[in-house]
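One structure is given below, encoded as structure tokens.
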Amino acid sequence: MKKLTTVLIAAGLIASASACSAQQQLTTAETCDRINVVVPSFPQGPGQTAANRAANAVRPIVNVASADMKPVVTSILAYLDELAKDEPQDAAEKEAHQAKLEEATAGFQEAGTKYGELCRG
């Protein structure tokens, strides 16, 4: 009887722990709402600190974003992460960084268009 009780208690604890740790997928509207809260923190200039803060605010949204919004949020995060990086001193690394930044900027602009369609449209 004691073994059965112990097994049932352990199973209950495991089930409740897994239920608490499971992340719930947001709807597109909920994802838009979360992004709308973060948008004011997006950097207006090239400041690394502001980009880093905005990226850290977006980072938790990526895992729970709706399927439609996940590529948008991922592109936004990639852009902010690239902005937050230190500019390299070496000419070759500087050129590679600039290319990555241009690619991230293009992705960010596409994400902005998709964000407008899904969240405002």
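To be explicit about the labels: the chains of the structure tokens are called A, B, and onward in the order shown, and within each one the residues are counted from 1, while ligands get numbers from 1 in the order they are shown.
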I'd like the contact shell of Pro43 in chain A - 10 Å cut-off, only C-alpha atoms, skipping same-chain residues fewer than 2 positions apart - returned as a PyMOL selection string.
chain A and resi 39-41+45-55+80+83
Expected file: the selected residues, C-alpha atoms, as a PDB file, in the first residue's frame:
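In the end it all went to again.pdb:
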ATOM      1  CA  VAL A  39       8.118  48.036 -30.212  1.00  0.00           C
ATOM      2  CA  PRO A  40       8.654  51.275 -28.227  1.00  0.00           C
ATOM      3  CA  SER A  41      11.988  49.906 -27.011  1.00  0.00           C
ATOM      4  CA  GLY A  45      19.553  55.011 -33.855  1.00  0.00           C
ATOM      5  CA  PRO A  46      22.558  52.718 -34.047  1.00  0.00           C
ATOM      6  CA  GLY A  47      22.970  52.362 -30.245  1.00  0.00           C
ATOM      7  CA  GLN A  48      24.130  48.928 -29.165  1.00  0.00           C
ATOM      8  CA  THR A  49      22.632  49.188 -25.683  1.00  0.00           C
ATOM      9  CA  ALA A  50      19.136  49.965 -26.981  1.00  0.00           C
ATOM     10  CA  ALA A  51      19.393  47.170 -29.560  1.00  0.00           C
ATOM     11  CA  ASN A  52      20.492  44.732 -26.873  1.00  0.00           C
ATOM     12  CA  ARG A  53      17.606  45.705 -24.585  1.00  0.00           C
ATOM     13  CA  ALA A  54      15.090  45.369 -27.395  1.00  0.00           C
ATOM     14  CA  ALA A  55      16.533  41.982 -28.417  1.00  0.00           C
ATOM     15  CA  LEU A  80      18.398  43.444 -33.260  1.00  0.00           C
ATOM     16  CA  LEU A  83      22.729  45.734 -34.363  1.00  0.00           C
TER      17      LEU A  83
END
Please provide the set of residues having any atom within 12 Å of Arg120 in chain A, restricted to only C-alpha atoms, with same-chain residues fewer than 2 positions apart removed, written as a PyMOL selection string.
chain A and resi 28-29+32-33+36+112-118
Counting only C-alpha atoms, which residue out of A:Tyr79, A:Ala84, A:Gln89, A:Glu30 sits closest to Glu102 in chain A?
A:Tyr79
Closest of A:Val37, A:Thr31, A:Pro88, A:Gln98 to Ser66 in chain A - atom-to-atom distances counting only C-alpha atoms:
A:Thr31
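Counting only C-alpha atoms, Thr105 in chain A has the following residues at most 9 Å away, ignoring those fewer than 4 positions along the same chain: A:Ser75, A:Ile76, A:Ala78, A:Tyr79, A:Lys100, A:Leu101, A:Gln109, A:Glu110.
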Using N, CA and C atoms, can you write the selected residues to a file as a compact mmCIF listing (two decimals), in the first residue's frame?
# COMPACT_ATOMS: atom_id res chain seq x y z
N SER A 75 13.05 37.16 -37.45
CA SER A 75 13.75 38.16 -38.26
C SER A 75 14.03 39.43 -37.46
N ILE A 76 13.06 39.83 -36.67
CA ILE A 76 13.24 41.01 -35.82
C ILE A 76 14.39 40.78 -34.85
N ALA A 78 16.89 38.62 -35.14
CA ALA A 78 18.17 38.54 -35.87
C ALA A 78 18.70 39.94 -36.16
N TYR A 79 17.82 40.83 -36.56
CA TYR A 79 18.22 42.22 -36.85
C TYR A 79 18.73 42.91 -35.59
N LYS A 100 26.25 40.98 -43.13
CA LYS A 100 25.25 40.36 -42.25
C LYS A 100 24.21 41.38 -41.81
N LEU A 101 24.67 42.59 -41.53
CA LEU A 101 23.75 43.64 -41.11
C LEU A 101 22.79 44.02 -42.23
N GLN A 109 12.95 44.41 -42.68
CA GLN A 109 11.98 45.16 -43.48
C GLN A 109 10.86 44.25 -43.98
N GLU A 110 11.21 43.03 -44.41
CA GLU A 110 10.19 42.07 -44.82
C GLU A 110 9.30 41.70 -43.64
When you draw a straight line from CA of Leu26 in chain A to CA of Val73 in chain A, how long is it in Å?
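These atoms are spaced 12.5 Å apart.
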Just how far from CA of Val72 in chain A is CA of Lys94 in chain A, in Å to one decimal?
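CA of Val72 in chain A lies 26.6 Å from CA of Lys94 in chain A.
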Got a sec to tell me which of chain A DSSP assigns to helix (DSSP H, G or I), as a count of residues only?
96
